[in-house]
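Below: one structure, written as structure tokens.
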Amino acid sequence: MTGAATVTETAVTITIDGQPVEVAEGSTIHAACVEAGIDTPTLCWAENLTPVNVCRVCVVELEGSRALVPSCSRPAEDGMVVQTDTPRVRHSRRMVLEFLGSGVDLSQAEDLHHWMDAYGADPDRYGDEGHSVERVDEPVKIQDELYIRDYSKCVLCYKCVEACGDDAQHTFAIAVAGRGFDARISTEFDVTLPDSACVYCGNCVGVCPTGALQFKTEYDLREVGEWRPEDQSVTRTVCSYCGVGCNLDLHVQDERIVKVTSPSDHSVTSGHLCIKGRFG
Amino acid sequence: MTDLFLGADRASESEAAAVDEALRSRDVDPVVRPETERLYTSGRARRAERRHYLLPALHALQNAAGWISPGGINYVAEVLGVPPAEAFGVASFYDLFRTEPPDHDGDTFHVCVDAACQIAGYDDLAASVRASGGHVHLGPCLGQCERAPALFVQGVGGRPDYVPADAEPFELPQAGDPSLRLLRRIGVADATSLESYMAHGGYQALRRAGEMGAEAVLEAVAASGLSGRGGAAFPTGVKWRAVASESGRPKHVVANCDESEPGTFKDRIVMEHDPFAVIETMTIAGLATGARNGWIYIRGEYPLATARLQGAIDAARAAGLLGDDAAGTGHGFDIAIWRGAGAYICGEETALFNSLEGFRGEPRNKPPFPTTHGLFGEPTAINNPETLLNVLDVITEGPDAYRSRGTERSPGTKLLCLSGKVGRPGLYEVPFGTTLGDLLELAGGVAGNGELQAVLMGGAAGSFVGPDSLDLPLTLEDTRAAGTTLGSGVVMAFDTSVDMTDVVVRIAEFFRDESCGQCVPCRVGAVRQHETLVQMQRKGSLSPARRALIDEMAEVMVDASICGLGHTAASAVRSALDLGLIASAPA
Ligand SMILES: Cc1cc2nc3c(=O)[nH]c(=O)nc-3n(C[C@H](O)[C@H](O)[C@H](O)COP(=O)(O)O)c2cc1C
Ligand code: SF4
Ligand code: SF4
Ligand code: SF4
Ligand code: FES
Ligand code: FES
């Protein structure tokens with residue numbers, strides 16, 4: 001999906017903010033932005049997942065299109081003229097971030113913070129004089145010792161659903177349920193994870209961008225104010241459990257493994273693991 | 001896929017029997033059976049090849065037990081190979097499905113709270129239903145706005161759904177008017193009789209289309225200038241041509257009978273009283289585009305229309321007008337009916353495909369468009385029934401005669417749904433170009449106190465116009481130039497006695513309730529918009545800062561939402577503010 005044109009592929013050229021960019025046919029506008037060195041916010045997009053294009057934070061202006069288009073999923077076509085920093089684009093990105101912040105807790109969605117600053121998003125301006133603003137307010141679900149789910153931090157990016165389903169795990173333990181603002185990530189009838197199809201691969205936790213899904217170790221440390229990423233070291237190793245050869249990144253704080261991830265560009269895992277590597 | 005994990009809950013005997021029966025009836029359907037086998041054997045990368053049975057199976061569960069129970073979900077999940085979490089995700093998407101045990105016995109009485117019923121006093125109706133022991137569920141427009149306040153009864157324990165008002169005699173306000181084209185058989189021909197349809201000119205168009213051949217039909221439809229009546233006014237000839245030019249994959253014709261735009265009831269009346277015309281024109285669309293499979297997706301609250309269409313399909317099939325050689329045209333075509341389950345968004349064409357396929361009714365990103373990636377990812381011509389109805393005249397009298405009515409850029413006639421404070425609410429047909437004032441006169445003028453305050457054009461997704469718009473010619477081009485829309489043909493009148501703030505707040509609530517929740521601008525924007533208006537209503541005024549906020553929210557919904565629901569969610573609200581129909585300045 002991503003990357004520049006190589007000699008064997010057909011290339012297309014599009015213009016982004018006045019600058020011609022060449023990418024392989026089938027690349028997205030977002031990939032072309034990366035190629036051109038233009039930083040673009042994304043939330044529901046990830047290189048190891050199929051684009052669902054639901055968050056709309058990555059929108060750009062495309063000449064000839066009435067509405068803005070999601071750069072993360074729209075394929076670049078030869079001759080397209082794209083603007084990434086017009087007032088319309090800035091307004092929509094700002095409003096999307098503001099809307100999200102007005103409804104859920106983004107305090108641990110660290111990747112979004114500098115974009116919120118950059119676009120001047122002010123999620124607090126919706127309430128006014130006793131006027132209450134509906135938020136997602138739910139108790140944290142702690143149902144086992146492996147990971148927690150705090151849907152008051154969930155932005156409904158669908159990443160966990162994709163990672164649990166078609167894109168990695170094929171377990172389908174979780175799906176989107178309900179409609180509109182009441183939509184939630186849920187097991188069937190909201191049964192607990194131990195009662196669901198979940199196999200505790202932790203892939204959903206690995207892709208969650210907001211801290212809504214969190215390893216219990218991290219959650220417990222955060223609760224007592226002891227989560228210190230700056231004091232953590234990361235060691236790359238290969239999982240020894242089976243012969244597949246998954247790369248593991250062990251995050252160590254105070255000589256204790258506090259989190260296990262896998263590089264999303266790794267050829268074997270694409271960032272996804274199983275219970276043995278993740279929690280073993 | 002890996003084996004499904006199912007919890008311990010088991011379906012009751014009646015739940016299992018209801019699902020079995022629903023699937024059995026699908027398995028003998030001439031469209032569904034071969035389609036299912038094709039999906040099953042074609043090696044397509046679909047997870048569950050019988051997944052499109054999910055909606056009928058959920059309907060069966062809901063009707064059997066009054067809710068979708070964990071045991072019921074497990075049963076359906078196992079039979080169809082759908083993960084229970086996903087089946088639950090689908091069930092919980094729809095208004096007509098409950099995923100919690102009912103707190104009442106017996107049927108559910110759905111009472112509409114949208115504009116026409118709001119000003120006709122739906123609360124009195126709800127109170128009287130409650131007084132007689134019925135369980136009331138307040139919900140969105142039921143597509144019976146001309147007979148507001150509206151009621152739909154959802155049966156349980158094997159009892160069928162019904163609409164009490166269907167027992168009343170039906171009369172078209174313009175009955176006997178010789179200028180009627182689209183409505184000429186309504187109330188005249190017997191809707192349950194193929195012979196009667198034939199005696200009133202039925203199936204002449206299909207026979208003629210068979211003689212002309214697909215290419216000539218495509219040319220005629222393009223030359224007629226016919227455009228879509230579902231709201232977006234896309235040229236039908238262009239759509240059909242695009243599907244016709246696709247080859248190598250199965251193709252589909254879909255009639256979008258979801259009709260859920262508040263204020264709209266035209267398709268219901270057509271389907272109930274002229275069902276064979278929908279079947280005949282779908283067959284013509286199949287012939288023209290080369291599609292063999294027809295699908296009718298009809299909203300779940302239309303039991304009579306569903307029964308009449310099924311009756312028409314059965315009769316047409318028995319007479320050889322559907323099937324391997326439809327009406328001797330040499331083209332094979334047949335039709336299956338799918339019932340929706342209470343979701344306005346499922347009228348959006350790509351949400352409709354997802355819903356029919358057994359997924360959540362979430363719109364897909366476009367492009368790609370339905371003409372190349374529609375139902376089951378295959379080329380699909382999807383049309384509104386009113387659009388289809390026009391094809392009869394285009395074929396039988398030719399595009400030139402068809403164009404003799406209406407205007408150059410809006411040829412033909414238009415069905416308009418008159419409701420609210422008018423003398424004779426109901427379905428009307430007028431040539432494009434008729435003025436709004438003349439139309440209101442035709443419908444008996446403004447009722448209530450007789451003084452017009454505003455007209456809602458195009459439904460909740462449309463906009464309000466004031467009394468100074470009575471000279472507005474009702475055409476696509478004139479309404480667009482005036483900043484409003486014909487949309488799905490809604491013309492809802494309000495006299496000066498109506499508190500428009502209530503009406504507008506409810507419209508905002510409608511979008512909040514009906515947003516599918518997929519994209520951020522609409523999922524959150526529709527909620528914030530509604531909250532802002534509720535606050536305005538409490539305070540009795542809207543500060544300039546709050547007014548600006550409404551515009552800012554509207555801008556992102558229009559610019560960055562995935563589908564038309566988000567694009568139009570602020571339209572009626574803003575028009576009401578612009579016209580000064582609701583509080584705008586600080587008190
Ligand atoms: C939220 C939403 C609801 C819609 N509901 C309907 C509907 O109930 N019936 C319909 O024909 N079109 C509906 N449409 C329009 C369809 O997406 C589509 O344009 C139409 O079915 C095409 O048929 P036509 O070209 O004959 O109008 C809806 C669109 C949106 C965005
Ligand atoms: S841990 Fe794995 S199986 Fe369990 S919900 Fe997350 S992705 Fe699905
Ligand atoms: S839980 Fe996390 S990954 Fe899942 S939808 Fe919410 S924010 Fe996205
Ligand atoms: S605009 Fe609204 S209804 Fe349409 S996809 Fe987005 S959330 Fe769903
Ligand atoms: S990142 Fe593109 S829509 Fe979410
Ligand atoms: S039925 Fe009540 S507004 Fe349509």
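Identifiers in the structure tokens: chain A, B, ... in order shown; residue index from 1 per chain; ligand index from 1 in order shown.
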
Exercise for the section: Using DSSP on the backbone, list every residue of region 110-347 of chain B that comes out as strand (DSSP E or B), and give them as an MDAnalysis selection string. Expected result: chainID B and resid 110:112 135:139 151:154 162 227 235 252:257 293:298 323 333:339

Handout entry: DSSP alpha helix (DSSP H) selection over region 447-584 of chain B, as a ChimeraX atom specification
Key = /B:476-481,500-514,520-539,544-560,564-568,571-578

Handout entry: From A:Leu68, A:Ile29, A:Leu49, A:Val57, residue lying nearest chain B [only C-alpha atoms]
Key = A:Leu68

Exercise for the section: Throw together the list of residues within 9 Å of ligand 5, counting only C-alpha atoms and all ligand atoms, and drop it here as an MDAnalysis selection string. Expected result: (chainID A and resid 30 40:46 51:59 69:74 157) or (chainID B and resid 519)

Please dump the current selection as a short mmCIF file (atom, residue, chain, number, x, y, z; two decimals), in the first residue's frame; keep N, CA, C and O atoms.
```cif
data_model
loop_
_atom_site.label_atom_id
_atom_site.label_comp_id
_atom_site.auth_asym_id
_atom_site.auth_seq_id
_atom_site.Cartn_x
_atom_site.Cartn_y
_atom_site.Cartn_z
N HIS A 30 -2.57 9.47 1.38
CA HIS A 30 -1.77 9.55 2.61
C HIS A 30 -0.34 9.09 2.36
O HIS A 30 0.63 9.73 2.80
N THR A 40 0.64 14.14 8.34
CA THR A 40 -0.82 14.10 8.30
C THR A 40 -1.32 13.34 9.52
O THR A 40 -0.85 12.23 9.78
N PRO A 41 -2.29 13.91 10.26
CA PRO A 41 -2.80 13.15 11.40
C PRO A 41 -3.61 11.94 10.93
O PRO A 41 -4.31 12.03 9.92
N THR A 42 -3.49 10.83 11.63
CA THR A 42 -4.34 9.67 11.38
C THR A 42 -4.74 9.11 12.73
O THR A 42 -4.05 9.30 13.72
N LEU A 43 -5.86 8.41 12.74
CA LEU A 43 -6.31 7.80 14.00
C LEU A 43 -6.80 6.38 13.77
O LEU A 43 -6.38 5.44 14.44
N CYS A 44 -7.67 6.20 12.77
CA CYS A 44 -8.20 4.86 12.54
C CYS A 44 -7.36 4.09 11.53
O CYS A 44 -7.60 2.92 11.27
N TRP A 45 -6.39 4.75 10.95
CA TRP A 45 -5.54 4.09 9.97
C TRP A 45 -4.31 3.48 10.64
O TRP A 45 -3.78 4.04 11.59
N ALA A 46 -3.88 2.32 10.17
CA ALA A 46 -2.61 1.75 10.60
C ALA A 46 -2.07 0.93 9.45
O ALA A 46 -2.83 0.35 8.67
N PRO A 51 -7.84 -0.10 5.74
CA PRO A 51 -8.44 1.19 6.12
C PRO A 51 -9.95 1.10 6.30
O PRO A 51 -10.64 0.48 5.49
N VAL A 52 -10.46 1.67 7.38
CA VAL A 52 -11.90 1.74 7.58
C VAL A 52 -12.41 3.16 7.36
O VAL A 52 -13.60 3.39 7.30
N ASN A 53 -11.48 4.08 7.28
CA ASN A 53 -11.77 5.50 7.04
C ASN A 53 -12.98 6.05 7.77
O ASN A 53 -13.88 6.62 7.18
N VAL A 54 -13.00 5.90 9.07
CA VAL A 54 -14.14 6.38 9.85
C VAL A 54 -13.85 7.62 10.70
O VAL A 54 -14.78 8.36 11.02
N CYS A 55 -12.59 7.86 11.07
CA CYS A 55 -12.37 8.95 12.03
C CYS A 55 -12.39 10.32 11.35
O CYS A 55 -12.79 11.30 11.95
N ARG A 56 -11.96 10.38 10.11
CA ARG A 56 -11.99 11.58 9.27
C ARG A 56 -10.99 12.65 9.70
O ARG A 56 -11.12 13.82 9.29
N VAL A 57 -10.02 12.30 10.49
CA VAL A 57 -9.05 13.32 10.92
C VAL A 57 -8.00 13.55 9.84
O VAL A 57 -7.27 14.54 9.88
N CYS A 58 -7.94 12.65 8.87
CA CYS A 58 -6.88 12.73 7.84
C CYS A 58 -7.38 13.40 6.57
O CYS A 58 -6.71 13.33 5.55
N VAL A 59 -8.57 14.03 6.62
CA VAL A 59 -9.17 14.54 5.38
C VAL A 59 -8.30 15.59 4.70
O VAL A 59 -7.58 16.36 5.35
N VAL A 69 -11.89 14.49 1.27
CA VAL A 69 -11.75 13.03 1.15
C VAL A 69 -10.75 12.51 2.17
O VAL A 69 -9.81 13.21 2.54
N PRO A 70 -10.98 11.28 2.66
CA PRO A 70 -10.04 10.69 3.61
C PRO A 70 -8.75 10.26 2.90
O PRO A 70 -8.80 9.40 2.03
N SER A 71 -7.64 10.86 3.27
CA SER A 71 -6.39 10.56 2.56
C SER A 71 -5.92 9.14 2.83
O SER A 71 -5.24 8.54 2.02
N CYS A 72 -6.30 8.57 3.98
CA CYS A 72 -5.79 7.26 4.36
C CYS A 72 -6.30 6.14 3.48
O CYS A 72 -5.71 5.06 3.44
N SER A 73 -7.43 6.36 2.79
CA SER A 73 -7.99 5.27 2.02
C SER A 73 -8.17 5.62 0.55
O SER A 73 -8.33 4.75 -0.29
N ARG A 74 -8.15 6.89 0.23
CA ARG A 74 -8.42 7.27 -1.16
C ARG A 74 -7.18 7.03 -2.01
O ARG A 74 -6.12 7.62 -1.77
N CYS A 157 -12.30 3.66 16.74
CA CYS A 157 -11.49 3.64 15.52
C CYS A 157 -11.58 2.31 14.80
O CYS A 157 -11.04 2.16 13.70
N CYS B 519 -18.75 7.51 11.65
CA CYS B 519 -17.74 8.57 11.51
C CYS B 519 -17.93 9.67 12.56
O CYS B 519 -19.04 9.97 12.98
#
```

Exercise for the section: Choose the residue, out of B:Glu259, B:Asp551, B:Asp190, B:Asp105, that has the smallest atom-to-atom separation from chain A; count only C-alpha atoms. Expected result: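 Result for the nearest residue to chain A: B:Asp551.
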
Handout entry: 7 Å contacts from chain A to chain B using only C-alpha atoms, as a VMD selection string
Key = chain A and resid 54 to 56 59 67 to 68 92 95 to 96 99 131 172 to 181 183 187 to 189 197

Practice task
Tell me, as number ranges by chain, which residues lie within 12 Å of Asp267 (chain B), counting only C-alpha atoms; anything in the same chain fewer than 6 positions away does not count.
Solution key: B: 143-144, 182-183, 229-230, 255-261, 273-275, 277-278, 298-299, 302, 305-306, 309, 383-389, 415-417, 427, 488-490

Restricted to C-alpha atoms, what would the selected residues look like written as an mmCIF file, in the first residue's frame?
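Wrote out-v8.cif, looks like this:
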```cif
data_model
loop_
_atom_site.group_PDB
_atom_site.id
_atom_site.type_symbol
_atom_site.label_atom_id
_atom_site.label_comp_id
_atom_site.auth_asym_id
_atom_site.auth_seq_id
_atom_site.Cartn_x
_atom_site.Cartn_y
_atom_site.Cartn_z
ATOM 1 C CA GLY B 143 -44.199 6.645 6.561
ATOM 2 C CA GLN B 144 -47.870 7.352 7.244
ATOM 3 C CA LEU B 182 -47.636 7.597 -12.258
ATOM 4 C CA LEU B 183 -50.735 7.304 -10.094
ATOM 5 C CA ARG B 229 -36.421 10.216 -7.072
ATOM 6 C CA GLY B 230 -34.769 8.824 -3.942
ATOM 7 C CA ALA B 255 -35.391 -1.405 -5.472
ATOM 8 C CA ASN B 256 -34.692 0.892 -2.535
ATOM 9 C CA CYS B 257 -37.997 0.652 -0.691
ATOM 10 C CA ASP B 258 -36.611 1.648 2.688
ATOM 11 C CA GLU B 259 -38.491 4.971 2.599
ATOM 12 C CA SER B 260 -37.663 6.423 6.001
ATOM 13 C CA GLU B 261 -37.148 10.120 5.308
ATOM 14 C CA HIS B 273 -51.707 -0.041 -4.558
ATOM 15 C CA ASP B 274 -49.629 -0.645 -7.686
ATOM 16 C CA PRO B 275 -47.181 -3.395 -6.699
ATOM 17 C CA ALA B 277 -45.627 -1.793 -11.571
ATOM 18 C CA VAL B 278 -42.623 -2.075 -9.235
ATOM 19 C CA ILE B 298 -38.314 -2.657 2.183
ATOM 20 C CA ARG B 299 -38.550 -1.050 5.573
ATOM 21 C CA TYR B 302 -44.531 -1.656 5.869
ATOM 22 C CA ALA B 305 -46.695 -3.177 1.059
ATOM 23 C CA THR B 306 -44.516 -6.215 1.739
ATOM 24 C CA LEU B 309 -45.263 -7.007 -3.389
ATOM 25 C CA ASN B 383 -33.304 2.806 -7.707
ATOM 26 C CA ASN B 384 -36.180 4.289 -5.845
ATOM 27 C CA PRO B 385 -39.597 2.800 -6.776
ATOM 28 C CA GLU B 386 -40.850 6.159 -8.035
ATOM 29 C CA THR B 387 -37.856 6.392 -10.362
ATOM 30 C CA LEU B 388 -38.710 2.935 -11.679
ATOM 31 C CA LEU B 389 -42.367 3.802 -12.155
ATOM 32 C CA LEU B 415 -44.943 12.573 -6.646
ATOM 33 C CA LEU B 416 -45.271 14.852 -3.648
ATOM 34 C CA CYS B 417 -46.119 13.871 -0.101
ATOM 35 C CA LEU B 427 -50.049 11.770 -2.176
ATOM 36 C CA SER B 488 -37.792 12.658 -1.566
ATOM 37 C CA GLY B 489 -40.869 14.776 -2.344
ATOM 38 C CA VAL B 490 -41.805 15.972 1.120
#
```

Exercise for the section: Would you please work out which residue, of A:Phe215, A:Lys259, A:Val244, A:Asp182, is nearest to ligand 4 when using only C-alpha atoms and all ligand atoms? Expected result: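 Checking each candidate against ligand 4, we get A:Asp182 as the closest.
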
Practice task
Can you pull out every residue within 10 Å of Gln19 (chain A), counting only C-alpha atoms, but drop anything in the same chain fewer than 6 positions away, and send it as number ranges by chain?
Solution key: A: 36, 81-83

Just the selected residues (C-alpha atoms), exported as a JSON list (two decimals), in the first residue's frame, please.
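Writing done, so here's selection26.json:
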```json
[["chain", "number", "residue", "atom", "x", "y", "z"],
["A", 36, "ALA", "CA", 6.30, 14.33, 0.13],
["A", 81, "VAL", "CA", -4.60, 18.00, -7.13],
["A", 82, "VAL", "CA", -4.65, 17.84, -3.35],
["A", 83, "GLN", "CA", -4.43, 20.51, -0.64]]
```

Skip Tyr200 (chain A) itself and residues of its chain fewer than 2 positions away, then list as a tab-separated table (two decimals) with N, CA, C and O atoms, in the first residue's frame all residues within 8 Å of it, counting only C-alpha atoms.
```
chain	number	residue	atom	x	y	z
A	146	LEU	N	-4.83	-9.88	32.61
A	146	LEU	CA	-4.01	-9.63	31.44
A	146	LEU	C	-4.20	-8.23	30.85
A	146	LEU	O	-3.25	-7.51	30.63
A	198	CYS	N	-12.58	-14.69	23.22
A	198	CYS	CA	-11.23	-14.11	23.32
A	198	CYS	C	-10.17	-15.16	23.67
A	198	CYS	O	-10.35	-15.96	24.58
A	202	GLY	N	-3.92	-10.39	22.74
A	202	GLY	CA	-3.48	-9.03	23.01
A	202	GLY	C	-3.30	-8.16	21.78
A	202	GLY	O	-2.85	-7.02	21.86
A	274	CYS	N	0.65	-13.68	19.64
A	274	CYS	CA	-0.32	-14.55	20.30
A	274	CYS	C	-0.12	-14.46	21.80
A	274	CYS	O	0.77	-13.76	22.29
A	275	ILE	N	-0.94	-15.19	22.54
A	275	ILE	CA	-0.90	-15.06	24.00
A	275	ILE	C	0.46	-15.42	24.58
A	275	ILE	O	0.92	-14.82	25.55
```

Handout entry: Atomic distance CA of Phe279 (chain A) - CA of Gly165 (chain A), expressed in Å with one decimal
Key =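 Computed distance, CA of Phe279 (chain A) to CA of Gly165 (chain A), equals 19.8 Å.
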
Handout entry: Expected answer as a list in words: residues within 6 Å of ligand 6, only C-alpha atoms and all ligand atoms
Key =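 Counting only what the definition allows, namely only C-alpha atoms and all ligand atoms, the set is Cys112, Val113, Asp114, Ala115, Ala116, Cys117, Cys141, Leu142, Gly143, Gln144, Cys145, Ala148, Pro149, Ala150, Pro262 and Gly263 of chain B.
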
Residues just named, written with C-alpha atoms as a CSV table (one decimal), in the first residue's frame:
```csv
chain,number,residue,atom,x,y,z
B,112,CYS,CA,-44.3,8.2,15.5
B,113,VAL,CA,-42.9,11.4,17.1
B,114,ASP,CA,-41.7,13.1,13.9
B,115,ALA,CA,-43.0,16.5,12.7
B,116,ALA,CA,-46.3,15.6,11.1
B,117,CYS,CA,-47.3,13.4,14.0
B,141,CYS,CA,-41.5,8.6,11.1
B,142,LEU,CA,-43.5,5.5,10.1
B,143,GLY,CA,-44.2,6.6,6.6
B,144,GLN,CA,-47.9,7.4,7.2
B,145,CYS,CA,-47.6,11.1,7.6
B,148,ALA,CA,-50.9,11.4,11.3
B,149,PRO,CA,-50.6,10.5,14.2
B,150,ALA,CA,-49.2,7.2,13.0
B,262,PRO,CA,-39.5,11.9,7.7
B,263,GLY,CA,-42.5,13.1,5.8
```

Handout entry: Two-atom distance - CA of Gly458 (chain B), CA of Thr484 (chain B) (Å)
Key =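 Answer for the CA of Gly458 (chain B) to CA of Thr484 (chain B) separation: 8.1 Å.
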
Practice task
Please provide the set of residues having any atom within 12 Å of Gly323 (chain B), restricted to only C-alpha atoms, with same-chain residues fewer than 5 positions apart removed, written as a list in words.
Solution key: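 The filter keeps Asp29, Pro30, Val31, Thr283, Gly286, Arg292, Asn293, Gly294, Ile313, Asp314, Ala315, Ala316, Arg317, Ala318, Gly328, Thr329, Gly330, His331, Gly332, Phe333, Asp334, Ile335 and Ala336 of chain B.
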
Deliver the residues from the most recent selection as a file, using N, CA and C atoms, as a tab-separated table (two decimals), in the first residue's frame.
```
chain	number	residue	atom	x	y	z
B	29	ASP	N	-36.54	-19.77	-2.30
B	29	ASP	CA	-36.70	-18.55	-3.10
B	29	ASP	C	-35.82	-18.65	-4.35
B	30	PRO	N	-36.41	-18.41	-5.53
B	30	PRO	CA	-35.66	-18.58	-6.77
B	30	PRO	C	-34.47	-17.64	-6.95
B	31	VAL	N	-34.42	-16.55	-6.21
B	31	VAL	CA	-33.23	-15.69	-6.28
B	31	VAL	C	-32.24	-16.11	-5.21
B	283	THR	N	-38.00	-5.56	-13.65
B	283	THR	CA	-37.67	-6.53	-14.70
B	283	THR	C	-37.09	-5.81	-15.92
B	286	GLY	N	-33.62	-5.01	-15.18
B	286	GLY	CA	-32.78	-6.20	-15.32
B	286	GLY	C	-32.45	-6.46	-16.78
B	292	ARG	N	-29.55	-10.33	-13.52
B	292	ARG	CA	-30.53	-11.42	-13.38
B	292	ARG	C	-31.23	-11.40	-12.03
B	293	ASN	N	-30.61	-10.77	-11.05
B	293	ASN	CA	-31.16	-10.83	-9.70
B	293	ASN	C	-31.77	-9.51	-9.29
B	294	GLY	N	-33.02	-9.58	-8.85
B	294	GLY	CA	-33.68	-8.39	-8.33
B	294	GLY	C	-33.88	-8.53	-6.83
B	313	ILE	N	-45.11	-10.67	-6.88
B	313	ILE	CA	-44.00	-11.50	-7.36
B	313	ILE	C	-44.49	-12.92	-7.64
B	314	ASP	N	-45.24	-13.45	-6.69
B	314	ASP	CA	-45.74	-14.82	-6.86
B	314	ASP	C	-46.61	-14.94	-8.11
B	315	ALA	N	-47.51	-13.96	-8.29
B	315	ALA	CA	-48.41	-14.02	-9.45
B	315	ALA	C	-47.62	-13.86	-10.75
B	316	ALA	N	-46.66	-12.94	-10.76
B	316	ALA	CA	-45.86	-12.71	-11.97
B	316	ALA	C	-45.04	-13.96	-12.30
B	317	ARG	N	-44.52	-14.59	-11.28
B	317	ARG	CA	-43.71	-15.79	-11.49
B	317	ARG	C	-44.58	-16.92	-12.06
B	318	ALA	N	-45.76	-17.05	-11.48
B	318	ALA	CA	-46.66	-18.12	-11.94
B	318	ALA	C	-47.06	-17.90	-13.39
B	328	GLY	N	-41.08	-13.77	-21.90
B	328	GLY	CA	-40.68	-14.09	-23.27
B	328	GLY	C	-39.64	-13.15	-23.84
B	329	THR	N	-38.93	-12.42	-22.96
B	329	THR	CA	-37.90	-11.51	-23.45
B	329	THR	C	-36.59	-12.23	-23.71
B	330	GLY	N	-36.52	-13.48	-23.25
B	330	GLY	CA	-35.27	-14.22	-23.38
B	330	GLY	C	-34.31	-13.93	-22.24
B	331	HIS	N	-34.69	-12.96	-21.36
B	331	HIS	CA	-33.81	-12.60	-20.25
B	331	HIS	C	-34.33	-13.20	-18.96
B	332	GLY	N	-33.44	-13.85	-18.22
B	332	GLY	CA	-33.83	-14.45	-16.95
B	332	GLY	C	-33.77	-13.42	-15.84
B	333	PHE	N	-34.84	-13.33	-15.06
B	333	PHE	CA	-34.85	-12.33	-13.98
B	333	PHE	C	-35.85	-12.77	-12.92
B	334	ASP	N	-35.45	-12.64	-11.66
B	334	ASP	CA	-36.39	-12.91	-10.57
B	334	ASP	C	-36.08	-11.99	-9.39
B	335	ILE	N	-36.99	-11.94	-8.43
B	335	ILE	CA	-36.91	-10.93	-7.36
B	335	ILE	C	-37.12	-11.55	-5.99
B	336	ALA	N	-36.31	-11.14	-5.03
B	336	ALA	CA	-36.48	-11.54	-3.63
B	336	ALA	C	-36.72	-10.29	-2.78
```

Practice task
Check which residues fall inside 8 Å of ligand 3 when counting only C-alpha atoms and all ligand atoms, and print them as a ChimeraX atom specification.
Solution key: /A:44,149-151,153-161,185,204-205,207-213

Handout entry: Asp177 (chain B) environment, 12 Å, only C-alpha atoms, sequence neighbours closer than 3 positions dropped, as a list of chain:residue names
Key =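 Those residues are B:Leu172, B:Pro173, B:Gln174, B:Leu180, B:Arg181, B:Leu182, B:Leu183, B:Arg184, B:Arg185, B:Ile186, B:Gly187, B:Val188, B:Tyr428, B:Glu429, B:Val430, B:Leu442.
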
Problem - Nearest to Gln537 (chain B) by atom-to-atom distance, counting only C-alpha atoms, from B:Val505, B:Gly448, B:Gly72, B:Ala189 - result: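 When distances to Gln537 (chain B) are compared using only C-alpha atoms, the smallest one comes from B:Val505.
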
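The spacing separating atom 12 (N, counted along the ligand's line) of ligand 1 from CA of Gly398 (chain B) amounts to 25.7 Å.
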